[in-house]
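Next comes entry-v6.csv, with CSV, C-alpha atoms.
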```
chain,number,residue,atom,x,y,z
A,25,MET,CA,-207.2,-26.2,14.5
A,26,VAL,CA,-207.9,-24.4,11.3
A,27,ARG,CA,-204.3,-24.7,10.4
A,28,GLY,CA,-204.2,-28.3,11.3
A,29,ALA,CA,-207.4,-29.0,9.3
A,30,ALA,CA,-205.9,-27.2,6.3
A,31,ASN,CA,-202.8,-29.3,6.5
A,32,VAL,CA,-204.8,-32.5,6.7
A,33,GLU,CA,-206.8,-31.4,3.7
A,34,ALA,CA,-203.6,-30.4,1.8
A,35,MET,CA,-202.1,-33.8,2.6
A,36,SER,CA,-205.2,-35.8,1.7
A,37,GLY,CA,-205.3,-33.8,-1.5
A,38,ALA,CA,-201.6,-34.3,-2.2
A,39,LEU,CA,-201.6,-38.1,-1.5
A,40,PRO,CA,-203.9,-39.2,-4.3
A,41,GLN,CA,-202.2,-36.8,-6.6
A,42,LYS,CA,-198.9,-38.4,-5.8
A,43,LEU,CA,-200.4,-41.8,-6.2
A,44,ARG,CA,-201.8,-40.9,-9.5
A,45,ALA,CA,-198.5,-39.5,-10.6
A,46,ASP,CA,-196.8,-42.7,-9.5
A,47,ALA,CA,-199.4,-44.8,-11.3
A,48,GLU,CA,-198.9,-42.7,-14.5
A,49,ASP,CA,-195.2,-43.1,-14.1
A,50,ASN,CA,-195.6,-46.9,-13.8
A,51,ARG,CA,-197.8,-47.1,-16.8
A,52,ALA,CA,-195.3,-45.1,-18.9
A,53,ARG,CA,-192.4,-47.2,-17.7
A,54,ILE,CA,-194.3,-50.4,-18.5
A,55,LEU,CA,-195.3,-49.3,-22.0
A,56,GLY,CA,-191.7,-48.1,-22.6
A,57,ALA,CA,-190.2,-51.4,-21.4
A,58,ALA,CA,-192.7,-53.5,-23.5
A,59,GLN,CA,-192.1,-51.4,-26.6
A,60,ALA,CA,-188.3,-51.9,-26.2
A,61,LEU,CA,-188.8,-55.6,-25.8
A,62,PHE,CA,-191.3,-55.9,-28.6
A,63,ALA,CA,-189.1,-53.9,-30.9
A,64,ALA,CA,-187.3,-56.9,-32.2
A,65,GLY,CA,-190.6,-58.1,-33.7
A,66,ASP,CA,-191.2,-60.8,-31.2
A,67,LEU,CA,-194.2,-60.7,-28.8
A,68,ASN,CA,-193.0,-63.9,-27.0
A,69,VAL,CA,-191.4,-61.9,-24.2
A,70,PRO,CA,-192.4,-63.2,-20.7
A,71,MET,CA,-194.4,-60.7,-18.7
A,72,ARG,CA,-191.9,-61.2,-16.0
A,73,LEU,CA,-189.2,-59.6,-18.2
A,74,VAL,CA,-191.4,-56.6,-19.0
A,75,ALA,CA,-192.0,-56.0,-15.2
A,76,GLU,CA,-188.3,-56.4,-14.5
A,77,ARG,CA,-187.2,-53.9,-17.2
A,78,ALA,CA,-189.9,-51.4,-16.2
A,79,GLY,CA,-188.8,-51.7,-12.5
A,80,VAL,CA,-192.3,-52.6,-11.3
A,81,SER,CA,-193.6,-55.7,-9.5
A,82,SER,CA,-195.4,-58.4,-11.5
A,83,ALA,CA,-198.5,-57.6,-9.4
A,84,THR,CA,-198.4,-54.0,-10.6
A,85,LEU,CA,-197.9,-55.1,-14.2
A,86,TYR,CA,-200.8,-57.5,-14.1
A,87,ARG,CA,-203.1,-55.0,-12.3
A,88,ARG,CA,-202.6,-52.6,-15.2
A,89,PHE,CA,-202.4,-55.2,-18.1
A,90,PRO,CA,-204.1,-58.5,-17.2
A,91,THR,CA,-202.9,-60.1,-20.4
A,92,LYS,CA,-200.1,-59.8,-23.0
A,93,ALA,CA,-202.7,-58.9,-25.5
A,94,ALA,CA,-203.9,-55.9,-23.4
A,95,LEU,CA,-200.3,-54.8,-23.0
A,96,ALA,CA,-199.5,-55.2,-26.7
A,97,ALA,CA,-202.7,-53.3,-27.7
A,98,ALA,CA,-201.7,-50.4,-25.5
A,99,VAL,CA,-198.1,-50.4,-26.9
A,100,PHE,CA,-199.2,-50.5,-30.5
A,101,ALA,CA,-202.2,-48.0,-30.1
A,102,GLU,CA,-199.8,-45.1,-29.8
A,103,GLN,CA,-197.7,-46.3,-32.8
A,104,MET,CA,-200.8,-46.8,-34.8
A,105,ARG,CA,-201.7,-43.2,-34.2
A,106,ALA,CA,-198.2,-42.2,-35.4
A,107,CYS,CA,-198.8,-44.3,-38.5
A,108,GLU,CA,-202.2,-42.7,-39.1
A,109,ALA,CA,-200.6,-39.2,-38.7
A,110,ILE,CA,-198.0,-40.2,-41.4
A,111,VAL,CA,-200.8,-41.2,-43.8
A,112,ALA,CA,-202.8,-38.1,-43.0
A,113,GLU,CA,-199.8,-35.9,-43.7
A,114,ALA,CA,-199.1,-37.7,-47.0
A,115,LEU,CA,-202.7,-37.2,-48.1
A,116,ALA,CA,-202.6,-33.5,-47.3
A,117,ASP,CA,-199.5,-33.0,-49.4
A,118,PRO,CA,-200.4,-31.1,-52.6
A,119,ASP,CA,-197.9,-33.4,-54.5
A,120,PRO,CA,-199.4,-36.9,-54.3
A,121,TRP,CA,-196.2,-38.5,-55.5
A,122,ARG,CA,-194.2,-36.8,-52.7
A,123,GLY,CA,-197.0,-37.9,-50.3
A,124,PHE,CA,-196.7,-41.5,-51.5
A,125,CYS,CA,-192.9,-41.5,-51.1
A,126,LEU,CA,-193.3,-40.1,-47.6
A,127,VAL,CA,-195.5,-43.0,-46.6
A,128,ILE,CA,-192.9,-45.5,-47.9
A,129,GLU,CA,-190.0,-43.7,-46.2
A,130,GLU,CA,-191.6,-43.2,-42.9
A,131,ILE,CA,-193.2,-46.6,-42.6
A,132,CYS,CA,-189.8,-48.3,-43.5
A,133,GLU,CA,-188.1,-46.2,-40.9
A,134,LEU,CA,-190.8,-46.8,-38.3
A,135,HIS,CA,-190.2,-50.5,-38.8
A,136,ALA,CA,-186.5,-50.2,-38.5
A,137,ARG,CA,-187.0,-48.5,-35.2
A,138,ASN,CA,-189.8,-50.7,-34.0
A,139,GLY,CA,-190.2,-54.0,-35.6
A,140,GLY,CA,-192.9,-55.1,-33.2
A,141,PHE,CA,-195.3,-52.5,-34.5
A,142,THR,CA,-195.1,-53.4,-38.2
A,143,ALA,CA,-195.4,-57.0,-37.3
A,144,ALA,CA,-198.6,-56.2,-35.4
A,145,PHE,CA,-199.7,-54.0,-38.3
A,146,MET,CA,-199.1,-56.9,-40.8
A,147,SER,CA,-201.2,-59.1,-38.5
A,148,SER,CA,-198.4,-61.4,-37.4
A,149,TYR,CA,-200.0,-62.0,-34.0
A,150,PRO,CA,-203.4,-63.5,-34.7
A,151,GLY,CA,-205.3,-63.5,-31.4
A,152,ALA,CA,-202.9,-61.2,-29.6
A,153,VAL,CA,-203.2,-57.9,-31.4
A,154,ASP,CA,-205.8,-57.1,-34.0
A,155,LEU,CA,-205.1,-54.0,-36.0
A,156,ALA,CA,-207.1,-55.3,-39.0
A,157,GLN,CA,-209.5,-52.4,-38.9
A,158,GLU,CA,-206.8,-49.8,-38.6
A,159,ARG,CA,-204.8,-51.5,-41.4
A,160,ARG,CA,-207.8,-51.4,-43.7
A,161,ARG,CA,-208.4,-47.8,-43.0
A,162,ALA,CA,-204.7,-46.9,-43.6
A,163,LEU,CA,-204.6,-48.9,-46.8
A,164,ARG,CA,-207.7,-47.2,-48.1
A,165,SER,CA,-206.0,-43.8,-47.6
A,166,VAL,CA,-202.9,-45.1,-49.3
A,167,ALA,CA,-205.1,-46.3,-52.2
A,168,VAL,CA,-206.5,-42.8,-52.6
A,169,LEU,CA,-203.0,-41.4,-52.5
A,170,ALA,CA,-201.8,-43.9,-55.1
A,171,ASP,CA,-204.6,-43.1,-57.5
A,172,ARG,CA,-203.7,-39.4,-57.3
A,173,ALA,CA,-200.0,-40.2,-57.9
A,174,LYS,CA,-201.0,-42.3,-60.9
A,175,HIS,CA,-203.1,-39.6,-62.3
A,176,ALA,CA,-200.2,-37.2,-61.9
A,177,GLY,CA,-198.2,-39.6,-64.1
A,178,ARG,CA,-195.6,-40.2,-61.4
A,179,LEU,CA,-196.6,-43.6,-60.0
A,180,ARG,CA,-196.3,-46.7,-62.3
A,181,ALA,CA,-199.7,-47.4,-63.8
A,182,ASP,CA,-199.6,-51.1,-62.9
A,183,PHE,CA,-199.1,-50.3,-59.2
A,184,VAL,CA,-201.5,-52.3,-56.9
A,185,LEU,CA,-201.7,-52.1,-53.1
A,186,ASP,CA,-200.2,-55.6,-52.8
A,187,ASP,CA,-197.0,-54.1,-54.1
A,188,LEU,CA,-196.9,-51.8,-51.1
A,189,ILE,CA,-197.5,-54.8,-48.8
A,190,ILE,CA,-194.7,-56.7,-50.5
A,191,VAL,CA,-192.3,-53.8,-50.0
A,192,LEU,CA,-193.3,-53.4,-46.3
A,193,MET,CA,-192.9,-57.2,-45.7
A,194,ALA,CA,-189.6,-57.1,-47.5
A,195,ASN,CA,-188.4,-54.2,-45.4
A,196,ARG,CA,-188.9,-56.5,-42.4
A,197,GLY,CA,-186.4,-58.9,-43.8
A,198,ILE,CA,-183.6,-56.4,-43.5
A,199,ARG,CA,-181.3,-57.0,-40.6
A,200,ALA,CA,-178.3,-54.9,-39.6
A,201,PRO,CA,-175.8,-55.3,-36.8
A,202,THR,CA,-176.7,-52.0,-35.1
A,203,ALA,CA,-179.8,-49.8,-34.6
A,204,ALA,CA,-178.2,-47.0,-36.7
A,205,ALA,CA,-177.2,-49.4,-39.5
A,206,GLN,CA,-180.8,-50.8,-39.4
A,207,VAL,CA,-182.2,-47.3,-39.9
A,208,ALA,CA,-179.7,-46.5,-42.7
A,209,ALA,CA,-180.5,-49.7,-44.5
A,210,ALA,CA,-184.2,-49.1,-44.2
A,211,ARG,CA,-183.7,-45.6,-45.7
A,212,ARG,CA,-181.7,-46.9,-48.6
A,213,PHE,CA,-184.3,-49.6,-49.2
A,214,ALA,CA,-187.1,-47.0,-49.1
A,215,MET,CA,-185.3,-44.9,-51.7
A,216,LEU,CA,-184.8,-48.0,-54.0
A,217,ALA,CA,-188.5,-48.9,-53.5
A,218,GLN,CA,-189.6,-45.4,-54.5
A,219,HIS,CA,-187.5,-45.6,-57.6
A,220,GLY,CA,-189.0,-49.0,-58.3
A,221,PHE,CA,-192.5,-47.5,-58.1
A,222,ARG,CA,-191.8,-44.5,-60.3
A,223,ALA,CA,-193.7,-44.4,-63.6
A,224,GLU,CA,-191.5,-45.2,-66.6
A,225,ALA,CA,-190.0,-42.0,-68.0
A,226,LEU,CA,-191.8,-41.2,-71.3
A,227,PRO,CA,-189.5,-41.5,-74.3
A,228,ALA,CA,-188.2,-38.2,-75.4
A,229,ALA,CA,-190.4,-36.9,-78.2
B,8,MET,CA,-170.4,-126.4,-63.0
B,9,VAL,CA,-169.3,-123.7,-65.5
B,10,ARG,CA,-172.9,-122.5,-65.6
B,11,GLY,CA,-173.1,-122.6,-61.8
B,12,ALA,CA,-169.8,-120.6,-61.5
B,13,ALA,CA,-171.1,-118.0,-63.9
B,14,ASN,CA,-174.3,-117.6,-61.9
B,15,VAL,CA,-172.4,-117.1,-58.7
B,16,GLU,CA,-170.2,-114.6,-60.4
B,17,ALA,CA,-173.2,-112.8,-61.8
B,18,MET,CA,-174.8,-112.7,-58.4
B,19,SER,CA,-171.7,-111.5,-56.6
B,20,GLY,CA,-171.3,-108.8,-59.2
B,21,ALA,CA,-175.0,-107.8,-59.0
B,22,LEU,CA,-175.2,-107.6,-55.3
B,23,PRO,CA,-172.8,-104.8,-54.6
B,24,GLN,CA,-174.3,-102.9,-57.6
B,25,LYS,CA,-177.7,-103.3,-56.0
B,26,LEU,CA,-176.3,-102.1,-52.7
B,27,ARG,CA,-174.6,-99.2,-54.3
B,28,ALA,CA,-177.9,-98.3,-56.0
B,29,ASP,CA,-179.8,-98.5,-52.7
B,30,ALA,CA,-177.1,-96.4,-51.1
B,31,GLU,CA,-177.3,-93.7,-53.8
B,32,ASP,CA,-181.1,-93.8,-53.5
B,33,ASN,CA,-180.9,-93.3,-49.7
B,34,ARG,CA,-178.5,-90.4,-50.1
B,35,ALA,CA,-180.8,-88.7,-52.7
B,36,ARG,CA,-183.8,-89.3,-50.5
B,37,ILE,CA,-182.1,-87.9,-47.4
B,38,LEU,CA,-180.9,-84.8,-49.3
B,39,GLY,CA,-184.4,-84.3,-50.8
B,40,ALA,CA,-186.0,-84.6,-47.4
B,41,ALA,CA,-183.5,-82.3,-45.7
B,42,GLN,CA,-183.9,-79.7,-48.5
B,43,ALA,CA,-187.7,-79.8,-48.1
B,44,LEU,CA,-187.4,-79.4,-44.4
B,45,PHE,CA,-184.8,-76.6,-44.6
B,46,ALA,CA,-186.8,-74.8,-47.2
B,47,ALA,CA,-188.7,-72.7,-44.6
B,48,GLY,CA,-185.3,-71.2,-43.7
B,49,ASP,CA,-184.9,-73.0,-40.4
B,50,LEU,CA,-182.1,-75.4,-39.8
B,51,ASN,CA,-183.5,-76.4,-36.4
B,52,VAL,CA,-185.1,-79.5,-37.7
B,53,PRO,CA,-184.4,-82.7,-35.7
B,54,MET,CA,-182.4,-85.3,-37.5
B,55,ARG,CA,-185.1,-87.8,-36.6
B,56,LEU,CA,-187.6,-85.9,-38.7
B,57,VAL,CA,-185.2,-85.9,-41.7
B,58,ALA,CA,-184.8,-89.7,-41.4
B,59,GLU,CA,-188.6,-90.1,-41.1
B,60,ARG,CA,-189.3,-88.0,-44.1
B,61,ALA,CA,-186.6,-89.7,-46.2
B,62,GLY,CA,-187.9,-93.1,-45.1
B,63,VAL,CA,-184.6,-94.3,-43.8
B,64,SER,CA,-183.5,-95.3,-40.3
B,65,SER,CA,-181.7,-92.9,-38.0
B,66,ALA,CA,-178.7,-95.2,-38.2
B,67,THR,CA,-178.6,-94.9,-42.0
B,68,LEU,CA,-178.9,-91.1,-41.8
B,69,TYR,CA,-176.1,-90.8,-39.2
B,70,ARG,CA,-173.8,-93.2,-41.1
B,71,ARG,CA,-174.1,-90.9,-44.1
B,72,PHE,CA,-174.2,-87.5,-42.3
B,73,PRO,CA,-172.8,-87.7,-38.8
B,74,THR,CA,-173.8,-84.1,-38.0
B,75,LYS,CA,-176.5,-81.6,-39.0
B,76,ALA,CA,-173.6,-79.4,-40.3
B,77,ALA,CA,-172.5,-82.2,-42.7
B,78,LEU,CA,-176.0,-82.7,-43.9
B,79,ALA,CA,-176.6,-79.0,-44.4
B,80,ALA,CA,-173.3,-78.6,-46.2
B,81,ALA,CA,-174.3,-81.4,-48.7
B,82,VAL,CA,-177.8,-79.9,-49.2
B,83,PHE,CA,-176.5,-76.4,-49.9
B,84,ALA,CA,-173.5,-77.4,-52.0
B,85,GLU,CA,-175.8,-78.3,-54.8
B,86,GLN,CA,-177.8,-75.1,-54.5
B,87,MET,CA,-174.5,-73.1,-54.3
B,88,ARG,CA,-173.6,-74.6,-57.7
B,89,ALA,CA,-177.0,-73.5,-59.0
B,90,CYS,CA,-176.3,-70.0,-57.7
B,91,GLU,CA,-172.8,-70.0,-59.3
B,92,ALA,CA,-174.3,-71.1,-62.6
B,93,ILE,CA,-176.8,-68.2,-62.5
B,94,VAL,CA,-173.9,-65.7,-61.9
B,95,ALA,CA,-171.8,-67.3,-64.6
B,96,GLU,CA,-174.7,-67.1,-67.1
B,97,ALA,CA,-175.3,-63.4,-66.1
B,98,LEU,CA,-171.6,-62.6,-66.6
B,99,ALA,CA,-171.6,-64.3,-70.0
B,100,ASP,CA,-174.6,-62.1,-71.2
B,101,PRO,CA,-173.4,-59.5,-73.7
B,102,ASP,CA,-175.8,-57.1,-72.1
B,103,PRO,CA,-174.5,-56.5,-68.6
B,104,TRP,CA,-177.8,-54.9,-67.4
B,105,ARG,CA,-179.8,-57.9,-68.6
B,106,GLY,CA,-177.2,-60.1,-66.8
B,107,PHE,CA,-177.6,-58.0,-63.6
B,108,CYS,CA,-181.4,-58.2,-63.7
B,109,LEU,CA,-181.1,-62.0,-64.3
B,110,VAL,CA,-179.1,-62.3,-61.0
B,111,ILE,CA,-181.8,-60.4,-59.0
B,112,GLU,CA,-184.7,-62.3,-60.6
B,113,GLU,CA,-183.2,-65.8,-60.2
B,114,ILE,CA,-181.8,-65.3,-56.7
B,115,CYS,CA,-185.1,-63.9,-55.5
B,116,GLU,CA,-187.0,-66.8,-57.0
B,117,LEU,CA,-184.4,-69.3,-55.7
B,118,HIS,CA,-185.1,-68.0,-52.2
B,119,ALA,CA,-188.9,-68.1,-52.7
B,120,ARG,CA,-188.5,-71.8,-53.5
B,121,ASN,CA,-185.8,-72.6,-51.0
B,122,GLY,CA,-185.4,-70.2,-48.1
B,123,GLY,CA,-182.9,-72.4,-46.3
B,124,PHE,CA,-180.3,-71.8,-49.0
B,125,THR,CA,-180.4,-68.1,-49.0
B,126,ALA,CA,-180.3,-68.1,-45.2
B,127,ALA,CA,-177.2,-70.2,-45.5
B,128,PHE,CA,-175.8,-67.9,-48.2
B,129,MET,CA,-176.4,-64.9,-46.0
B,130,SER,CA,-174.5,-66.7,-43.2
B,131,SER,CA,-177.5,-67.1,-40.9
B,132,TYR,CA,-176.1,-70.3,-39.4
B,133,PRO,CA,-172.7,-69.5,-38.0
B,134,GLY,CA,-170.9,-72.7,-37.1
B,135,ALA,CA,-173.3,-75.0,-39.0
B,136,VAL,CA,-172.8,-73.9,-42.6
B,137,ASP,CA,-170.1,-71.7,-43.8
B,138,LEU,CA,-170.6,-70.4,-47.4
B,139,ALA,CA,-168.5,-67.3,-46.7
B,140,GLN,CA,-165.9,-68.2,-49.4
B,141,GLU,CA,-168.5,-69.0,-52.0
B,142,ARG,CA,-170.4,-65.8,-51.1
B,143,ARG,CA,-167.3,-63.7,-51.5
B,144,ARG,CA,-166.6,-65.3,-54.9
B,145,ALA,CA,-170.2,-64.8,-56.1
B,146,LEU,CA,-170.3,-61.2,-54.9
B,147,ARG,CA,-167.0,-60.5,-56.7
B,148,SER,CA,-168.6,-61.7,-59.9
B,149,VAL,CA,-171.6,-59.5,-59.3
B,150,ALA,CA,-169.4,-56.5,-58.6
B,151,VAL,CA,-167.8,-57.1,-62.1
B,152,LEU,CA,-171.2,-57.3,-63.6
B,153,ALA,CA,-172.4,-54.2,-61.8
B,154,ASP,CA,-169.4,-52.2,-63.0
B,155,ARG,CA,-170.2,-53.2,-66.6
B,156,ALA,CA,-173.8,-52.3,-66.2
B,157,LYS,CA,-172.8,-48.9,-64.8
B,158,HIS,CA,-170.5,-48.2,-67.6
B,159,ALA,CA,-173.3,-49.1,-70.0
B,160,GLY,CA,-175.3,-46.4,-68.3
B,161,ARG,CA,-178.1,-48.7,-67.2
B,162,LEU,CA,-177.3,-49.3,-63.5
B,163,ARG,CA,-177.6,-46.3,-61.2
B,164,ALA,CA,-174.2,-44.8,-60.6
B,165,ASP,CA,-174.5,-44.8,-56.8
B,166,PHE,CA,-175.1,-48.6,-56.7
B,167,VAL,CA,-173.0,-50.4,-54.1
B,168,LEU,CA,-172.9,-54.2,-53.4
B,169,ASP,CA,-174.6,-53.5,-50.0
B,170,ASP,CA,-177.7,-52.5,-52.0
B,171,LEU,CA,-177.9,-56.0,-53.4
B,172,ILE,CA,-177.5,-57.5,-50.0
B,173,ILE,CA,-180.3,-55.2,-48.7
B,174,VAL,CA,-182.6,-56.4,-51.6
B,175,LEU,CA,-181.7,-60.1,-51.0
B,176,MET,CA,-182.3,-59.7,-47.2
B,177,ALA,CA,-185.6,-57.9,-48.0
B,178,ASN,CA,-186.7,-60.6,-50.3
B,179,ARG,CA,-186.4,-63.0,-47.3
B,180,GLY,CA,-189.0,-60.9,-45.4
B,181,ILE,CA,-191.7,-61.6,-48.0
B,182,ARG,CA,-194.2,-64.2,-46.8
B,183,ALA,CA,-197.1,-65.6,-48.8
B,184,PRO,CA,-199.8,-68.1,-47.9
B,185,THR,CA,-198.9,-70.6,-50.6
B,186,ALA,CA,-195.7,-71.6,-52.5
B,187,ALA,CA,-197.1,-70.3,-55.7
B,188,ALA,CA,-198.0,-66.9,-54.2
B,189,GLN,CA,-194.5,-66.8,-52.6
B,190,VAL,CA,-192.9,-67.2,-56.0
B,191,ALA,CA,-195.3,-64.7,-57.6
B,192,ALA,CA,-194.5,-62.1,-54.8
B,193,ALA,CA,-190.7,-62.7,-55.2
B,194,ARG,CA,-191.0,-62.1,-59.0
B,195,ARG,CA,-192.9,-58.9,-58.5
B,196,PHE,CA,-190.4,-57.8,-55.9
B,197,ALA,CA,-187.5,-58.6,-58.2
B,198,MET,CA,-189.1,-56.5,-60.9
B,199,LEU,CA,-189.6,-53.6,-58.6
B,200,ALA,CA,-186.0,-53.9,-57.3
B,201,GLN,CA,-184.7,-53.9,-60.9
B,202,HIS,CA,-186.6,-50.7,-61.6
B,203,GLY,CA,-185.2,-49.3,-58.4
B,204,PHE,CA,-181.7,-50.0,-59.6
B,205,ARG,CA,-182.1,-48.5,-63.0
B,206,ALA,CA,-180.1,-45.5,-63.8
B,207,GLU,CA,-182.1,-42.3,-63.9
B,208,ALA,CA,-183.3,-41.5,-67.4
B,209,LEU,CA,-181.3,-38.7,-68.8
B,210,PRO,CA,-183.3,-35.5,-69.2
B,211,ALA,CA,-184.4,-35.0,-72.8
B,212,ALA,CA,-181.9,-32.8,-74.6
```
Starting from the file, give its structure as structure tokens.
Amino acid sequence: MVRGAANVEAMSGALPQKLRADAEDNRARILGAAQALFAAGDLNVPMRLVAERAGVSSATLYRRFPTKAALAAAVFAEQMRACEAIVAEALADPDPWRGFCLVIEEICELHARNGGFTAAFMSSYPGAVDLAQERRRALRSVAVLADRAKHAGRLRADFVLDDLIIVLMANRGIRAPTAAAQVAAARRFAMLAQHGFRAEALPAA
Amino acid sequence: MVRGAANVEAMSGALPQKLRADAEDNRARILGAAQALFAAGDLNVPMRLVAERAGVSSATLYRRFPTKAALAAAVFAEQMRACEAIVAEALADPDPWRGFCLVIEEICELHARNGGFTAAFMSSYPGAVDLAQERRRALRSVAVLADRAKHAGRLRADFVLDDLIIVLMANRGIRAPTAAAQVAAARRFAMLAQHGFRAEALPAA
């Protein structure tokens, strides 16, 4: 009896755990599928396709994410944290110009790998995903970084935050036939943009 | 009788001329309407809308341009000539770096004003508009210009034509709320791109 009771207890304890693990697994699969489908920068993907790619039923998908907006918010929250980590790392760099260049490089590459996120970040989906607050916070940090890089004489004195927005928008225009070519083109573009932002070399005395 | 005959002759001479003038007018109105509708970079505009905007009947539109491809070809032929004129002017500049910068500036601005053309130039409409030959010719001229600018020590030594393609694609990613802001952003971007392409300043001896 004692043994039996222990077994029942073990089973009743194991079952929810297994269910929780399955649920976590479903959630991860849904987010992965949605991220892959949003990567092309288009949120107009039917929920049905997300469920199909994740290998879950539509019922499971809708139970977890009742709307496309809720799904997109969950997908982009993680990437927003990655973006904030980039800016934090850049701010912590003792060389503000190197930090500034890091932001351009990493954000350009982030977009090349995941166009959906930068589209969300640039508020391309009014009503669906609102990262306005996060964007303002990130841009404030970049403004601090840019001021430091200007004072260090490395960033062009006439740089304004709109220049960075222009470059990030421009990076979104780049299309390459393969994922690898897309990343290579984004890296090259980031390098050219960094050179464009450099302060003019002082004339030799 | 002599007078009457002269009048008839004058009338019969005037009528075709008037018809020809009307026909020319229709053609210009159709091309203008199509250009305005294609400017956003999307060729998927119903022919009906083109006719409506031009103020001609669908019958008149289809008589002149039996297919969307024929219409697009006529619209972009003129802009292709403008583009070729820019490259010719740049090649003729005694300062190859100034010529190279001119190409970037003017093409970026051309796109800001008319996205449909650069989309056609970048072969975004396979099957509808084929500017591949013109593109090759223009790029060959830019390659000559780039070599001269490199030899003059002004263009970065590692510049490749793909860099220009990346910058032109990138320029297409820029979106501004108004036409004026679009042109201003394209100009600023062209300036940053030029700086990105500059040869590194030689270290002071």
### Query
Between B:Arg36, B:Ala95, B:Ala126, B:His158, which one has atoms that come closest to chain A, using all atoms listed in the file?
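The closest residue to chain A is B:Ala126.
Residues of chain B having any atom within 8 Å of chain A, counting all atoms listed in the file, are Asp170, Ile173, Val174, Met176, Ala177, Asn178, Arg179, Gly180, Ile181, Arg182, Ala192, Arg195, Phe196, Met198, Leu199, Ala200, Gln201, His202, Gly203, Phe204, Ala208 and Ala211 of chain B.
Taking atom CA of Ala66 of chain B as the reference point, atom CA of Glu85 of chain B is found at 23.9 Å.
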### Task
Could you jot down the atom CA of Val207 of chain A to atom CA of Pro118 of chain A separation for me, Å, one decimal place?
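Answer for the atom CA of Val207 of chain A to atom CA of Pro118 of chain A separation: 27.5 Å.
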### Message
Could you tell me how far atom CA of Ile54 of chain A sits from atom CA of Val127 of chain A, in Å to one decimal place?
### Response
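Distance between the two atoms: 29.1 Å.
Minimum atom-to-atom distance to Gln140 of chain B, evaluated using all atoms listed in the file, belongs to B:Met87 out of B:Asn51, B:Thr185, B:Met87, B:Arg120.
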### Task
Within 12 Å of Val166 of chain A, counting all atoms listed in the file, which residues show up once you throw out same-chain ones fewer than 4 positions away? Write them as a ChimeraX atom specification, please.
/A:107-108,110-116,120-121,123-128,131,159-162,170-173,183-189
### Residues within 12 Å of Arg34 of chain B, all atoms listed in the file, excluding chain neighbours under 2 positions, as a VMD selection string
chain B and resid 27 to 32 36 to 41 57 to 58 61 to 63 67 to 72 78 81 to 82
### Task
Measuring atom to atom with all atoms listed in the file, identify which of B:Gly160, B:Asn33, B:Asp102, B:Thr74 is nearest to Glu59 of chain B.
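Distance minimum relative to Glu59 of chain B lands on B:Asn33.
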### Query
From the set A:Ala94, A:Glu158, A:Arg122, A:Leu73, which residue has the shortest atom-to-atom contact distance to Ala106 of chain A, counting all atoms listed in the file?
A:Glu158
